[in-house]
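**Q** Please find input-v1.cif (mmCIF, C-alpha atoms (C1' of nucleotides)) on the next line:
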data_coords
#
loop_
_atom_site.label_atom_id
_atom_site.label_comp_id
_atom_site.auth_asym_id
_atom_site.auth_seq_id
_atom_site.Cartn_x
_atom_site.Cartn_y
_atom_site.Cartn_z
CA MET Q 1 8.51 -21.34 0.74
CA MET Q 2 4.71 -21.40 0.82
CA THR Q 3 4.84 -22.94 4.26
CA VAL Q 4 6.24 -19.79 5.86
CA LEU Q 5 3.22 -17.91 4.54
CA GLU Q 6 0.82 -20.60 5.75
CA ASP Q 7 2.45 -20.46 9.16
CA LEU Q 8 1.58 -16.78 9.29
CA GLY Q 9 -2.05 -17.52 8.43
CA TYR Q 10 -1.98 -16.47 4.79
CA ARG Q 11 -3.98 -18.48 2.27
CA THR Q 12 -2.41 -20.82 -0.22
CA THR Q 13 -3.49 -19.31 -3.49
CA PHE Q 14 -2.49 -20.19 -7.01
CA PRO Q 15 -0.53 -16.96 -7.67
CA ARG Q 16 1.37 -17.37 -4.43
CA LYS Q 17 2.31 -20.92 -5.30
CA VAL Q 18 3.52 -19.88 -8.72
CA ILE Q 19 5.65 -17.09 -7.29
CA ALA Q 20 7.08 -19.25 -4.51
CA ASN Q 21 7.91 -21.93 -7.05
CA LEU Q 22 9.85 -19.59 -9.23
CA LEU Q 23 11.69 -18.15 -6.26
CA GLU Q 24 12.83 -21.55 -5.00
CA GLU Q 25 15.27 -21.70 -7.89
CA LYS Q 26 16.64 -18.19 -7.64
CA ARG Q 27 20.21 -17.86 -6.48
CA ASP Q 28 20.77 -14.35 -7.79
CA ILE Q 29 19.40 -10.99 -6.85
CA PHE Q 30 16.26 -9.99 -8.69
CA THR Q 31 13.92 -7.04 -9.02
CA ILE Q 32 10.18 -7.31 -8.64
CA GLU Q 33 9.76 -5.98 -12.15
CA ALA Q 34 11.91 -8.76 -13.58
CA LEU Q 35 10.07 -11.31 -11.49
CA SER Q 36 6.80 -9.95 -12.76
CA GLU Q 37 7.92 -10.29 -16.36
CA GLU Q 38 8.70 -13.93 -15.77
CA LEU Q 39 5.17 -14.40 -14.49
CA PRO Q 40 2.78 -12.96 -17.06
CA SER Q 41 -0.09 -14.91 -15.51
CA VAL Q 42 0.20 -12.98 -12.24
CA SER Q 43 -0.63 -9.32 -11.95
CA ARG Q 44 2.17 -6.98 -10.96
CA ALA Q 45 0.25 -5.86 -7.91
CA THR Q 46 0.14 -9.42 -6.64
CA VAL Q 47 3.82 -9.96 -7.28
CA TYR Q 48 4.57 -6.85 -5.24
CA ARG Q 49 2.21 -7.97 -2.50
CA THR Q 50 3.55 -11.49 -2.33
CA VAL Q 51 7.17 -10.44 -2.31
CA ASN Q 52 6.41 -8.14 0.59
CA LEU Q 53 4.73 -10.95 2.48
CA LEU Q 54 7.73 -13.20 1.92
CA LEU Q 55 9.95 -10.39 3.11
CA GLU Q 56 7.93 -10.06 6.27
CA ALA Q 57 8.14 -13.82 6.70
CA GLY Q 58 11.93 -13.74 6.34
CA ALA Q 59 12.01 -15.91 3.23
CA ILE Q 60 13.73 -13.21 1.22
CA CYS Q 61 15.93 -10.18 1.87
CA LYS Q 62 15.57 -6.70 0.46
CA HIS Q 63 18.47 -4.54 -0.65
CA ALA Q 64 18.35 -0.85 -1.51
CA ALA Q 65 20.19 -0.04 -4.72
CA MET Q 66 21.81 3.36 -5.14
CA ASP Q 67 19.46 4.20 -8.00
CA GLY Q 68 16.50 4.11 -5.65
CA THR Q 69 15.19 0.75 -6.73
CA HIS Q 70 15.19 -2.41 -4.69
CA VAL Q 71 16.66 -5.82 -5.34
CA TYR Q 72 15.76 -8.97 -3.48
CA SER Q 73 17.42 -12.29 -2.75
CA VAL Q 74 16.09 -15.56 -1.44
CA SER Q 75 17.17 -16.24 2.11
CA ARG Q 76 17.98 -19.43 3.93
CA ILE Q 77 18.86 -17.58 7.12
CA GLY Q 78 15.64 -15.65 7.42
CA HIS Q 79 15.29 -13.08 10.14
CA HIS Q 80 18.49 -14.12 11.88
CA HIS Q 81 21.18 -11.50 11.73
CA HIS Q 82 23.44 -11.91 8.72
CA HIS Q 83 25.13 -10.07 5.88
CA HIS Q 84 25.52 -10.54 2.16
CA TYR Q 85 28.11 -10.53 -0.52
CA VAL Q 86 27.03 -9.82 -4.02
CA CYS Q 87 28.86 -10.41 -7.27
CA VAL Q 88 29.04 -7.10 -9.08
CA LYS Q 89 29.07 -8.90 -12.42
CA CYS Q 90 26.50 -11.68 -12.32
CA GLY Q 91 24.47 -10.61 -9.31
CA ALA Q 92 24.86 -13.87 -7.42
CA VAL Q 93 24.23 -13.35 -3.71
CA GLU Q 94 25.42 -15.33 -0.76
CA GLU Q 95 24.57 -14.84 2.85
CA PHE Q 96 27.17 -15.03 5.56
CA ARG Q 97 27.44 -14.79 9.29
CA ALA Q 98 30.85 -14.05 10.71
CA ALA Q 99 31.60 -13.86 14.39
CA ALA Q 100 34.57 -11.67 13.45
CA VAL Q 101 32.22 -9.05 12.05
CA GLU Q 102 30.20 -8.90 15.22
CA ARG Q 103 33.33 -8.72 17.34
CA LEU Q 104 34.64 -5.90 15.20
CA ILE Q 105 31.45 -3.93 15.49
CA ARG Q 106 31.64 -4.18 19.26
CA SER Q 107 35.22 -3.02 19.25
CA ILE Q 108 34.49 -0.07 16.97
CA ALA Q 109 31.51 0.79 19.11
CA ALA Q 110 33.90 1.64 21.91
CA ASP Q 111 35.32 4.50 19.84
CA ILE Q 112 31.97 5.90 18.85
CA PRO Q 113 30.02 8.34 20.99
CA GLY Q 114 26.61 6.85 21.73
CA GLN Q 115 25.15 3.36 21.60
CA VAL Q 116 25.57 1.32 18.45
CA ILE Q 117 22.12 -0.16 17.82
CA ASP Q 118 22.50 -1.88 14.50
CA HIS Q 119 24.84 -2.24 11.58
CA ARG Q 120 24.83 -3.17 7.97
CA ILE Q 121 27.67 -4.63 5.97
CA GLU Q 122 27.78 -5.57 2.35
CA LEU Q 123 30.63 -6.95 0.33
CA TYR Q 124 30.90 -6.58 -3.41
CA VAL Q 125 32.84 -9.35 -5.06
CA ASP Q 126 33.95 -10.75 -8.38
CA CYS Q 127 32.79 -14.32 -7.88
CA ASN Q 128 34.75 -17.39 -8.88
CA ARG Q 129 32.45 -18.28 -11.73
CA CYS Q 130 32.82 -14.81 -13.24
CA SER Q 131 36.58 -14.55 -12.88
CA ALA Q 132 36.88 -18.04 -14.38
CA SER Q 133 34.88 -17.13 -17.47
CA GLU Q 134 36.87 -13.92 -17.88
CA GLY Q 135 40.13 -15.84 -18.04
CA ALA Q 136 38.85 -17.76 -21.07
CA MET B 1 32.11 24.11 -0.87
CA MET B 2 31.79 26.18 -4.05
CA THR B 3 35.51 25.78 -4.61
CA VAL B 4 35.23 22.07 -5.34
CA LEU B 5 32.80 22.88 -8.13
CA GLU B 6 35.02 25.61 -9.49
CA ASP B 7 37.92 23.20 -9.47
CA LEU B 8 35.93 20.93 -11.74
CA GLY B 9 35.25 23.80 -14.11
CA TYR B 10 31.67 24.52 -13.12
CA ARG B 11 30.48 28.09 -13.04
CA THR B 12 29.88 30.00 -9.86
CA THR B 13 26.22 30.84 -10.15
CA PHE B 14 23.90 32.42 -7.65
CA PRO B 15 21.77 29.29 -7.06
CA ARG B 16 24.87 27.19 -6.53
CA LYS B 17 26.21 29.65 -3.99
CA VAL B 18 22.91 29.67 -2.11
CA ILE B 19 22.80 25.88 -1.98
CA ALA B 20 26.43 25.53 -0.97
CA ASN B 21 25.90 28.11 1.74
CA LEU B 22 23.02 26.26 3.26
CA LEU B 23 24.88 22.99 3.11
CA GLU B 24 27.90 24.34 4.93
CA GLU B 25 25.88 24.34 8.12
CA LYS B 26 24.29 20.92 7.77
CA ARG B 27 25.51 18.26 10.16
CA ASP B 28 22.54 15.92 9.73
CA ILE B 29 21.31 13.83 6.89
CA PHE B 30 18.90 15.57 4.57
CA THR B 31 16.73 14.82 1.57
CA ILE B 32 16.79 16.89 -1.60
CA GLU B 33 13.09 17.60 -1.16
CA ALA B 34 13.69 19.06 2.30
CA LEU B 35 16.62 21.06 1.00
CA SER B 36 14.47 22.36 -1.82
CA GLU B 37 11.79 23.50 0.61
CA GLU B 38 14.38 25.51 2.49
CA LEU B 39 15.32 27.21 -0.76
CA PRO B 40 12.15 28.53 -2.36
CA SER B 41 14.21 30.86 -4.54
CA VAL B 42 15.88 27.94 -6.30
CA SER B 43 14.01 25.58 -8.58
CA ARG B 44 13.82 21.95 -7.57
CA ALA B 45 15.54 20.88 -10.77
CA THR B 46 18.53 23.02 -9.90
CA VAL B 47 18.68 21.69 -6.35
CA TYR B 48 18.75 18.15 -7.75
CA ARG B 49 21.37 19.09 -10.31
CA THR B 50 23.61 20.88 -7.84
CA VAL B 51 23.42 18.14 -5.24
CA ASN B 52 24.46 15.66 -7.91
CA LEU B 53 27.39 17.84 -8.88
CA LEU B 54 28.49 18.10 -5.27
CA LEU B 55 28.18 14.35 -4.99
CA GLU B 56 30.40 13.89 -8.00
CA ALA B 57 32.84 16.35 -6.48
CA GLY B 58 32.92 14.39 -3.22
CA ALA B 59 31.54 17.24 -1.11
CA ILE B 60 28.59 15.17 -0.01
CA CYS B 61 27.68 11.50 0.37
CA LYS B 62 24.55 9.75 -0.80
CA HIS B 63 22.77 7.07 1.19
CA ALA B 64 20.01 4.80 -0.08
CA ALA B 65 17.15 4.49 2.37
CA MET B 66 15.14 1.30 2.50
CA ASP B 67 12.02 3.11 1.33
CA GLY B 68 13.65 3.90 -1.99
CA THR B 69 14.47 7.54 -1.29
CA HIS B 70 17.90 8.97 -0.85
CA VAL B 71 19.41 10.92 1.96
CA TYR B 72 22.58 12.94 1.78
CA SER B 73 25.20 14.16 4.20
CA VAL B 74 27.93 16.72 3.90
CA SER B 75 31.38 15.16 3.74
CA ARG B 76 34.73 16.31 4.99
CA ILE B 77 36.45 13.17 3.76
CA GLY B 78 35.27 13.37 0.18
CA HIS B 79 36.09 10.56 -2.18
CA HIS B 80 38.47 8.92 0.24
CA HIS B 81 37.23 5.61 1.48
CA HIS B 82 35.21 5.90 4.66
CA HIS B 83 32.05 4.80 6.40
CA HIS B 84 29.26 6.46 8.36
CA TYR B 85 27.35 6.15 11.52
CA VAL B 86 23.92 7.65 11.67
CA CYS B 87 21.77 8.42 14.69
CA VAL B 88 18.47 6.65 14.19
CA LYS B 89 16.70 9.31 16.26
CA CYS B 90 18.03 12.71 15.19
CA GLY B 91 19.68 11.78 11.89
CA ALA B 92 23.08 13.19 12.79
CA VAL B 93 25.79 11.64 10.65
CA GLU B 94 29.46 11.21 11.31
CA GLU B 95 32.08 9.84 9.04
CA PHE B 96 34.75 7.47 10.23
CA ARG B 97 37.72 5.62 8.92
CA ALA B 98 38.91 2.65 10.91
CA ALA B 99 41.93 0.61 10.06
CA ALA B 100 40.30 -2.22 12.00
CA VAL B 101 37.45 -2.28 9.52
CA GLU B 102 39.75 -2.60 6.57
CA ARG B 103 41.78 -5.30 8.28
CA LEU B 104 38.61 -7.20 9.03
CA ILE B 105 37.40 -7.02 5.46
CA ARG B 106 40.68 -8.46 4.29
CA SER B 107 40.46 -11.29 6.77
CA ILE B 108 36.87 -12.10 5.84
CA ALA B 109 37.83 -11.97 2.19
CA ALA B 110 39.98 -15.02 2.74
CA ASP B 111 36.87 -17.07 3.55
CA ILE B 112 34.88 -15.84 0.58
CA PRO B 113 35.09 -17.43 -2.84
CA GLY B 114 36.12 -14.78 -5.35
CA GLN B 115 37.77 -11.37 -5.07
CA VAL B 116 36.31 -8.83 -2.68
CA ILE B 117 36.21 -5.61 -4.68
CA ASP B 118 34.42 -3.21 -2.40
CA HIS B 119 32.48 -3.06 0.81
CA ARG B 120 29.99 -0.90 2.56
CA ILE B 121 29.45 -0.56 6.28
CA GLU B 122 26.97 1.53 8.11
CA LEU B 123 26.37 1.81 11.82
CA TYR B 124 23.10 2.92 13.33
CA VAL B 125 23.48 4.57 16.70
CA ASP B 126 21.65 6.33 19.47
CA CYS B 127 23.88 9.38 19.74
CA ASN B 128 24.98 10.96 23.00
CA ARG B 129 22.86 14.05 22.53
CA CYS B 130 19.73 11.94 22.03
CA SER B 131 20.32 9.57 24.91
CA ALA B 132 21.04 12.55 27.15
CA SER B 133 17.77 14.26 26.32
CA GLU B 134 15.86 11.02 26.84
CA GLY B 135 17.24 10.69 30.35
CA ALA B 136 15.60 14.03 31.23
"C1'" DA M 1 31.34 45.21 -23.62
"C1'" DT M 2 30.65 41.26 -26.55
"C1'" DA M 3 29.99 36.67 -27.80
"C1'" DC M 4 30.02 32.07 -26.73
"C1'" DT M 5 28.86 28.64 -23.57
"C1'" DT M 6 26.77 26.92 -19.61
"C1'" DA M 7 23.05 27.04 -16.21
"C1'" DT M 8 18.32 27.90 -14.85
"C1'" DG M 9 13.31 27.43 -14.40
"C1'" DA M 10 8.92 25.55 -15.38
"C1'" DG M 11 6.63 22.02 -16.65
"C1'" DA M 12 6.40 17.61 -19.00
"C1'" DT M 13 7.83 13.03 -18.50
"C1'" DA M 14 9.50 8.63 -16.57
"C1'" DA M 15 9.79 4.96 -13.33
"C1'" DA M 16 8.69 2.43 -9.12
"C1'" DG M 17 5.62 1.26 -6.08
"C1'" DT M 18 0.97 1.76 -3.57
"C1'" DA M 19 -4.16 2.27 -3.17
"C1'" DT M 20 -8.80 1.32 -4.67
"C1'" DC M 21 -12.52 -1.58 -5.44
"C1'" DA M 22 -15.38 -4.83 -7.78
"C1'" DT M 23 -14.92 -9.70 -8.51
"C1'" DC M 24 -13.30 -14.29 -7.33
"C1'" DA M 25 -11.22 -18.10 -4.68
"C1'" DT M 26 -10.10 -20.30 -0.28
"C1'" DG M 27 -10.92 -23.02 3.67
"C1'" DG M 28 -13.58 -23.68 7.78
"C1'" DA M 29 -18.37 -24.53 9.72
"C1'" DG M 30 -22.15 -27.10 9.44
"C1'" DC A 1 -19.97 -31.83 0.47
"C1'" DT A 2 -21.81 -27.34 0.19
"C1'" DC A 3 -22.13 -22.72 1.66
"C1'" DC A 4 -20.45 -18.53 3.25
"C1'" DA A 5 -17.51 -15.13 5.37
"C1'" DT A 6 -13.18 -13.56 4.72
"C1'" DG A 7 -9.18 -12.78 2.33
"C1'" DA A 8 -6.87 -12.37 -2.29
"C1'" DT A 9 -6.66 -10.92 -7.07
"C1'" DG A 10 -6.49 -8.01 -11.12
"C1'" DA A 11 -6.89 -3.81 -13.58
"C1'" DT A 12 -6.11 0.61 -13.29
"C1'" DA A 13 -5.61 5.02 -11.14
"C1'" DC A 14 -2.64 7.44 -8.38
"C1'" DT A 15 1.54 9.07 -5.74
"C1'" DT A 16 6.16 10.01 -5.23
"C1'" DT A 17 10.82 10.76 -6.60
"C1'" DA A 18 13.67 12.10 -9.92
"C1'" DT A 19 15.09 13.25 -14.70
"C1'" DC A 20 14.47 15.50 -19.28
"C1'" DT A 21 13.39 19.32 -22.48
"C1'" DC A 22 13.96 23.66 -24.21
"C1'" DA A 23 13.47 28.53 -24.28
"C1'" DT A 24 15.54 32.13 -21.55
"C1'" DA A 25 19.05 34.06 -18.51
"C1'" DA A 26 23.53 34.44 -16.53
"C1'" DG A 27 28.88 33.63 -16.41
"C1'" DT A 28 33.36 34.02 -18.19
"C1'" DA A 29 37.16 34.73 -21.32
"C1'" DT A 30 38.77 37.98 -24.46
#
Translate this structure into structure tokens?

**A**
Amino acid sequence: MMTVLEDLGYRTTFPRKVIANLLEEKRDIFTIEALSEELPSVSRATVYRTVNLLLEAGAICKHAAMDGTHVYSVSRIGHHHHHHYVCVKCGAVEEFRAAAVERLIRSIAADIPGQVIDHRIELYVDCNRCSASEGA
Amino acid sequence: MMTVLEDLGYRTTFPRKVIANLLEEKRDIFTIEALSEELPSVSRATVYRTVNLLLEAGAICKHAAMDGTHVYSVSRIGHHHHHHYVCVKCGAVEEFRAAAVERLIRSIAADIPGQVIDHRIELYVDCNRCSASEGA
DNA sequence: ATACTTATGAGATAAAGTATCATCATGGAG
DNA sequence: CTCCATGATGATACTTTATCTCATAAGTAT
């Protein structure tokens, strides 16, 4: 994950390595505050700054929550167009690209006055791991 | 618009009438701050409170912006499931319901591990009015 | 008209994120 | 390898958005 920052000309500093390291393992959505608490050795300002750099670099995605805060998820797809589904119980996020979605958008666009420029789709799921543990 | 509040047992107060009145005419997205500035006779706290009541009543919809603020739009569809398209230039919002969308979600759901519980779709458009005025 | 309850306003407070700036580390030039 | 210019960090102050508090005012049922 550090490499994407290096490629953009940013320096390889100790705090950035620590943050990138922690993020490598993340499969769930996270807030910057929570991230910051896991990293007491790094100042909050730097966590905010680094997350924003990684966002710019496409290494993570940002999601606006309805309470006005933001959650983030690590991305393997980067800046390429994609969508997400999020487990409403455990917060696990997966990225997906579906040709069907893009086809649908084009077909809906025909019924909408004006040019459709962009779209945003999110699915909220009860993931297999969660429904399994509920059954117990 | 006041009637939906009355139906929920809320009182018909002067500030609420003033706010509802102003909202009747709104066809674009708006922020509570902007609304509050248009209503100097009503305290900001009351604008916030009333907008949240109207939200609960289904008379308006709330949208999370990527900068952490919220924008709202008046709704004719209320709590019934629907989506929006928003003009990225003038902010005009329209609601839409498309059976094709719901069919698509069901078909995508088949490829996703877990139960799809909810979804959210937003389209960003360049509306006819805006593209017309650009041409000039 | 009265009494009870709910709503309002003003300001305090909370929470999330950004800006400032002195100090320190990085990485390239020599 | 060392030095230096530049970029990064940390601590804290600040900004913005929104909610909370509580004394006062207004609605509504009777």

**Q** When the PyMOL selection byres ((chain A) within 8 of (chain B)) is applied to the structure above, which residues does it catch, written out as a ChimeraX atom specification?

**A** /A:17,26-27

**Q** Looking at Q:Asp67, Q:Leu54, Q:Cys127, Q:Val18, which one is nearest to chain M, with distances taken over all atoms listed in the file?

**A**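 Of all the options, Q:Asp67 lies closest to chain M.
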
**Q** Could you tell me which residues of chain M sit within 12 Å of chain B when counting all atoms listed in the file, and give me the result as a list of chain:residue names?

**A**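 Matching residues, ligands excluded from the count: M:DT5, M:DT6, M:DA7, M:DT8, M:DG9, M:DA10, M:DG11, M:DA16, M:DG17.
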
**Q** Give me the residues of chain Q that have any atom at most 6 Å from an atom of chain B; for each, the nearest atom pair and the distance in Å, rounded to one decimal. Use only C-alpha atoms, sort by chain and number, and format it as a tab-separated table.

**A**
residue	atom	partner	partner_atom	distance
Q:Ala64	CA	B:Met66	CA	5.6
Q:Met66	CA	B:Ala64	CA	5.6
Q:Gly68	CA	B:Gly68	CA	4.6
Q:Thr69	CA	B:Gly68	CA	5.9
Q:Gly114	CA	B:Cys127	CA	4.2
Q:Gln115	CA	B:Asp126	CA	5.1
Q:Val116	CA	B:Val125	CA	4.2
Q:Ile117	CA	B:Val125	CA	5.0
Q:Asp118	CA	B:Tyr124	CA	5.0
Q:His119	CA	B:Leu123	CA	4.3
Q:Arg120	CA	B:Glu122	CA	5.2
Q:Ile121	CA	B:Ile121	CA	4.5
Q:Glu122	CA	B:Arg120	CA	5.2
Q:Leu123	CA	B:His119	CA	4.3
Q:Tyr124	CA	B:Asp118	CA	5.0
Q:Val125	CA	B:Val116	CA	4.2
Q:Asp126	CA	B:Gln115	CA	5.1
Q:Cys127	CA	B:Gly114	CA	4.2
Q:Asn128	CA	B:Gly114	CA	4.6

**Q** What are the coordinates of chain Q as a short mmCIF file (atom, residue, chain, number, x, y, z; two decimals) with C-alpha atoms, keeping the file's coordinate frame following a least-squares fit to chain B on all in-order C-alpha atoms?

**A**
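superposed36.cif was written with the following content:
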data_model
loop_
_atom_site.label_atom_id
_atom_site.label_comp_id
_atom_site.auth_asym_id
_atom_site.auth_seq_id
_atom_site.Cartn_x
_atom_site.Cartn_y
_atom_site.Cartn_z
CA MET Q 1 32.10 24.18 -0.93
CA MET Q 2 31.77 26.26 -4.09
CA THR Q 3 35.48 25.90 -4.68
CA VAL Q 4 35.23 22.18 -5.39
CA LEU Q 5 32.76 22.98 -8.16
CA GLU Q 6 34.96 25.76 -9.53
CA ASP Q 7 37.90 23.37 -9.54
CA LEU Q 8 35.88 21.09 -11.79
CA GLY Q 9 35.16 23.96 -14.19
CA TYR Q 10 31.58 24.65 -13.16
CA ARG Q 11 30.37 28.24 -13.05
CA THR Q 12 29.77 30.13 -9.85
CA THR Q 13 26.11 30.95 -10.11
CA PHE Q 14 23.80 32.50 -7.58
CA PRO Q 15 21.70 29.34 -7.00
CA ARG Q 16 24.83 27.28 -6.49
CA LYS Q 17 26.16 29.72 -3.95
CA VAL Q 18 22.90 29.71 -2.05
CA ILE Q 19 22.79 25.92 -1.95
CA ALA Q 20 26.44 25.59 -0.95
CA ASN Q 21 25.91 28.14 1.79
CA LEU Q 22 23.04 26.27 3.29
CA LEU Q 23 24.92 23.00 3.11
CA GLU Q 24 27.96 24.35 4.94
CA GLU Q 25 25.93 24.32 8.14
CA LYS Q 26 24.36 20.91 7.77
CA ARG Q 27 25.55 18.25 10.16
CA ASP Q 28 22.60 15.91 9.72
CA ILE Q 29 21.38 13.81 6.87
CA PHE Q 30 18.95 15.54 4.55
CA THR Q 31 16.79 14.78 1.54
CA ILE Q 32 16.82 16.86 -1.60
CA GLU Q 33 13.14 17.55 -1.15
CA ALA Q 34 13.73 19.01 2.31
CA LEU Q 35 16.65 21.02 1.00
CA SER Q 36 14.47 22.32 -1.78
CA GLU Q 37 11.81 23.44 0.66
CA GLU Q 38 14.39 25.44 2.55
CA LEU Q 39 15.30 27.17 -0.68
CA PRO Q 40 12.11 28.47 -2.27
CA SER Q 41 14.14 30.82 -4.47
CA VAL Q 42 15.82 27.91 -6.25
CA SER Q 43 13.95 25.56 -8.52
CA ARG Q 44 13.81 21.92 -7.52
CA ALA Q 45 15.50 20.89 -10.73
CA THR Q 46 18.49 23.03 -9.87
CA VAL Q 47 18.68 21.69 -6.35
CA TYR Q 48 18.74 18.17 -7.75
CA ARG Q 49 21.36 19.14 -10.31
CA THR Q 50 23.58 20.92 -7.85
CA VAL Q 51 23.44 18.18 -5.26
CA ASN Q 52 24.49 15.72 -7.93
CA LEU Q 53 27.40 17.91 -8.92
CA LEU Q 54 28.52 18.16 -5.30
CA LEU Q 55 28.21 14.41 -5.04
CA GLU Q 56 30.42 13.96 -8.06
CA ALA Q 57 32.86 16.43 -6.54
CA GLY Q 58 32.95 14.46 -3.28
CA ALA Q 59 31.58 17.28 -1.15
CA ILE Q 60 28.63 15.20 -0.04
CA CYS Q 61 27.75 11.52 0.32
CA LYS Q 62 24.64 9.74 -0.84
CA HIS Q 63 22.86 7.04 1.13
CA ALA Q 64 20.11 4.76 -0.13
CA ALA Q 65 17.22 4.49 2.30
CA MET Q 66 15.19 1.29 2.44
CA ASP Q 67 12.09 3.13 1.24
CA GLY Q 68 13.75 3.83 -2.08
CA THR Q 69 14.55 7.45 -1.41
CA HIS Q 70 17.97 8.92 -0.92
CA VAL Q 71 19.47 10.89 1.93
CA TYR Q 72 22.64 12.92 1.74
CA SER Q 73 25.26 14.15 4.18
CA VAL Q 74 27.99 16.73 3.89
CA SER Q 75 31.42 15.18 3.70
CA ARG Q 76 34.77 16.33 4.97
CA ILE Q 77 36.50 13.19 3.74
CA GLY Q 78 35.32 13.40 0.16
CA HIS Q 79 36.12 10.59 -2.20
CA HIS Q 80 38.50 8.90 0.22
CA HIS Q 81 37.24 5.58 1.46
CA HIS Q 82 35.23 5.89 4.65
CA HIS Q 83 32.06 4.79 6.40
CA HIS Q 84 29.29 6.45 8.34
CA TYR Q 85 27.36 6.14 11.51
CA VAL Q 86 23.95 7.65 11.66
CA CYS Q 87 21.79 8.42 14.66
CA VAL Q 88 18.49 6.64 14.17
CA LYS Q 89 16.72 9.32 16.20
CA CYS Q 90 18.04 12.71 15.14
CA GLY Q 91 19.71 11.79 11.87
CA ALA Q 92 23.11 13.19 12.78
CA VAL Q 93 25.82 11.63 10.63
CA GLU Q 94 29.49 11.22 11.30
CA GLU Q 95 32.11 9.84 9.01
CA PHE Q 96 34.76 7.45 10.22
CA ARG Q 97 37.74 5.59 8.92
CA ALA Q 98 38.90 2.62 10.92
CA ALA Q 99 41.93 0.56 10.06
CA ALA Q 100 40.29 -2.27 12.01
CA VAL Q 101 37.42 -2.34 9.53
CA GLU Q 102 39.73 -2.65 6.58
CA ARG Q 103 41.75 -5.36 8.31
CA LEU Q 104 38.58 -7.25 9.08
CA ILE Q 105 37.37 -7.08 5.52
CA ARG Q 106 40.65 -8.55 4.34
CA SER Q 107 40.41 -11.34 6.85
CA ILE Q 108 36.82 -12.17 5.93
CA ALA Q 109 37.78 -12.06 2.29
CA ALA Q 110 39.91 -15.13 2.86
CA ASP Q 111 36.78 -17.15 3.69
CA ILE Q 112 34.81 -15.95 0.71
CA PRO Q 113 35.02 -17.55 -2.71
CA GLY Q 114 36.06 -14.92 -5.23
CA GLN Q 115 37.71 -11.51 -4.99
CA VAL Q 116 36.27 -8.95 -2.62
CA ILE Q 117 36.16 -5.74 -4.65
CA ASP Q 118 34.40 -3.32 -2.37
CA HIS Q 119 32.45 -3.13 0.83
CA ARG Q 120 29.97 -0.96 2.58
CA ILE Q 121 29.44 -0.61 6.29
CA GLU Q 122 26.97 1.51 8.14
CA LEU Q 123 26.38 1.80 11.84
CA TYR Q 124 23.12 2.92 13.34
CA VAL Q 125 23.49 4.58 16.70
CA ASP Q 126 21.64 6.36 19.46
CA CYS Q 127 23.88 9.40 19.74
CA ASN Q 128 24.96 11.00 22.99
CA ARG Q 129 22.83 14.07 22.52
CA CYS Q 130 19.72 11.95 22.01
CA SER Q 131 20.30 9.57 24.89
CA ALA Q 132 21.01 12.58 27.12
CA SER Q 133 17.72 14.27 26.27
CA GLU Q 134 15.85 11.00 26.79
CA GLY Q 135 17.14 10.71 30.34
CA ALA Q 136 15.54 14.05 31.20
#

**Q** Just to confirm, what's the straight-line distance from atom CA of Q:Leu5 to atom CA of Q:Lys17 in Å (one decimal)?

**A** 10.3 Å

**Q** Select all residues near (29.9, 11.2, -2.2) (cut-off 10 Å, inclusive, file coordinates), counting all atoms listed in the file, and output them as an MDAnalysis selection string.

**A** chainID B and resid 51:63 72:75 77:81

**Q** What does the distance from atom CA of Q:Glu102 to atom CA of B:Gly91 come to in Å, to one decimal?

**A** 23.4 Å

**Q** Determine the residue membership of the PyMOL selection byres ((chain A and resi 6) around 10) for the file above and supply it as a list in words.

**A**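 So the PyMOL selection byres ((chain A and resi 6) around 10) ends up selecting DT26 and DG27 of chain M; DC4, DA5, DG7 and DA8 of chain A.
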
**Q** Point out the residue among M:DA25, M:DA3, M:DA12, M:DA19 with the least atom-to-atom distance to A:DC22, counting only C-alpha atoms (C1' of nucleotides).

**A** M:DA12

**Q** Could you tell me how far atom CA of B:Ile29 lies from atom CA of B:Cys90, in Å and to one decimal?

**A**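 Atom CA of B:Ile29 sits 9.0 Å away from atom CA of B:Cys90.
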
**Q** Can you list, as a VMD selection string, the residues that the PyMOL selection byres ((chain M and resi 13) around 10) selects here?

**A** (chain M and resid 11 to 12 14 to 15) or (chain A and resid 19 to 21)

**Q** Show me, as a ChimeraX atom specification, the residues that have an atom within 10 Å of M:DT20 when counting only C-alpha atoms (C1' of nucleotides), minus same-chain residues fewer than 5 positions from it.

**A** /A:12-14

**Q** The centre and edge lengths of an axis-aligned box containing all atoms of stretch 13-26 of chain M present in the file, extended by 3 Å on each side, are to be given in Å to one decimal, as lines of an AutoDock Vina configuration file.

**A**
center_x = -2.8
center_y = -3.6
center_z = -9.4
size_x = 31.2
size_y = 39.3
size_z = 24.2
